[in-house]
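Below you'll find the structure, written out as structure tokens, and then a few comments.
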Amino acid sequence: MKAWVASPEDTLLAKLERFLIGGEVSELQWRDVLDVLKVQSGLLEQAYMDRMAVEIGVNDLLKKALDQA
């Protein structure tokens, strides 16, 4: 049996994308983003997140979240 598991980086990026698509008003999505950053502090692959954030258009939101976390 195979199971797909999202990395913390991909989870965070998906939540940022949903937050953006939802008009940047979901407190739940934003809180989840900050929680991932706090729990995974120092363990996340920053270069990957930076590259992918640019590709999906959430670079500014990632920077904001990193500043708040």
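Chain labels run A, B, ... following the order of the structure tokens; each chain numbers its residues from 1, and ligands are numbered from 1 in the order shown.
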
Need the shell around segment 34-36 of chain A: protein/DNA/RNA residues with any atom at most 9 Å away, counting only C-alpha atoms. Skip same-chain ones fewer than 4 positions apart. Format as a ChimeraX atom specification? /A:8-9,11-12,29-30,40-41,65-66,68-69

List every residue of chain A that DSSP, applied to the backbone, labels as alpha helix (DSSP H), and write the result as a PyMOL selection string. chain A and resi 8-21+27-39+46-56+59-68

Generate the output file for the selected residues, C-alpha atoms, as a CSV table (one decimal), in the first residue's frame.
```
chain,number,residue,atom,x,y,z
A,8,PRO,CA,5.8,20.6,5.6
A,9,GLU,CA,7.0,23.0,2.8
A,10,ASP,CA,4.3,21.8,0.4
A,11,THR,CA,1.7,22.0,3.1
A,12,LEU,CA,2.7,25.6,3.9
A,13,LEU,CA,2.8,26.6,0.3
A,14,ALA,CA,-0.7,25.1,-0.4
A,15,LYS,CA,-2.1,26.9,2.6
A,16,LEU,CA,-0.6,30.2,1.3
A,17,GLU,CA,-2.1,29.6,-2.1
A,18,ARG,CA,-5.6,28.8,-0.6
A,19,PHE,CA,-5.3,32.0,1.6
A,20,LEU,CA,-4.5,34.0,-1.5
A,21,ILE,CA,-7.3,32.5,-3.6
A,27,GLU,CA,-7.8,33.4,9.7
A,28,LEU,CA,-7.6,29.6,9.9
A,29,GLN,CA,-5.4,29.3,6.8
A,30,TRP,CA,-3.1,32.1,8.0
A,31,ARG,CA,-2.9,30.6,11.5
A,32,ASP,CA,-2.0,27.2,10.0
A,33,VAL,CA,0.8,28.8,8.0
A,34,LEU,CA,2.2,30.4,11.0
A,35,ASP,CA,1.9,27.2,13.0
A,36,VAL,CA,3.8,25.2,10.4
A,37,LEU,CA,6.6,27.8,10.4
A,38,LYS,CA,6.8,27.7,14.2
A,39,VAL,CA,6.7,24.0,14.6
A,46,GLN,CA,14.0,27.7,2.6
A,47,ALA,CA,15.4,27.7,-1.0
A,48,TYR,CA,12.7,25.3,-2.2
A,49,MET,CA,9.9,27.4,-0.5
A,50,ASP,CA,11.3,30.6,-2.0
A,51,ARG,CA,11.4,29.2,-5.5
A,52,MET,CA,8.0,27.6,-5.3
A,53,ALA,CA,6.4,30.7,-3.7
A,54,VAL,CA,7.5,32.7,-6.7
A,55,GLU,CA,6.1,30.1,-9.1
A,56,ILE,CA,2.6,30.1,-7.5
A,59,ASN,CA,6.1,35.1,-2.5
A,60,ASP,CA,5.0,38.3,-0.7
A,61,LEU,CA,2.7,36.2,1.6
A,62,LEU,CA,5.6,33.8,2.4
A,63,LYS,CA,7.8,36.8,3.4
A,64,LYS,CA,5.0,38.2,5.5
A,65,ALA,CA,4.5,34.9,7.3
A,66,LEU,CA,8.2,34.4,7.9
A,67,ASP,CA,8.3,37.9,9.5
A,68,GLN,CA,5.3,37.1,11.7
```

Smallest atom-to-atom distance to Glu24 of chain A: which of A:Leu43, A:Ala6, A:Val58, A:Met1, using only C-alpha atoms? A:Val58
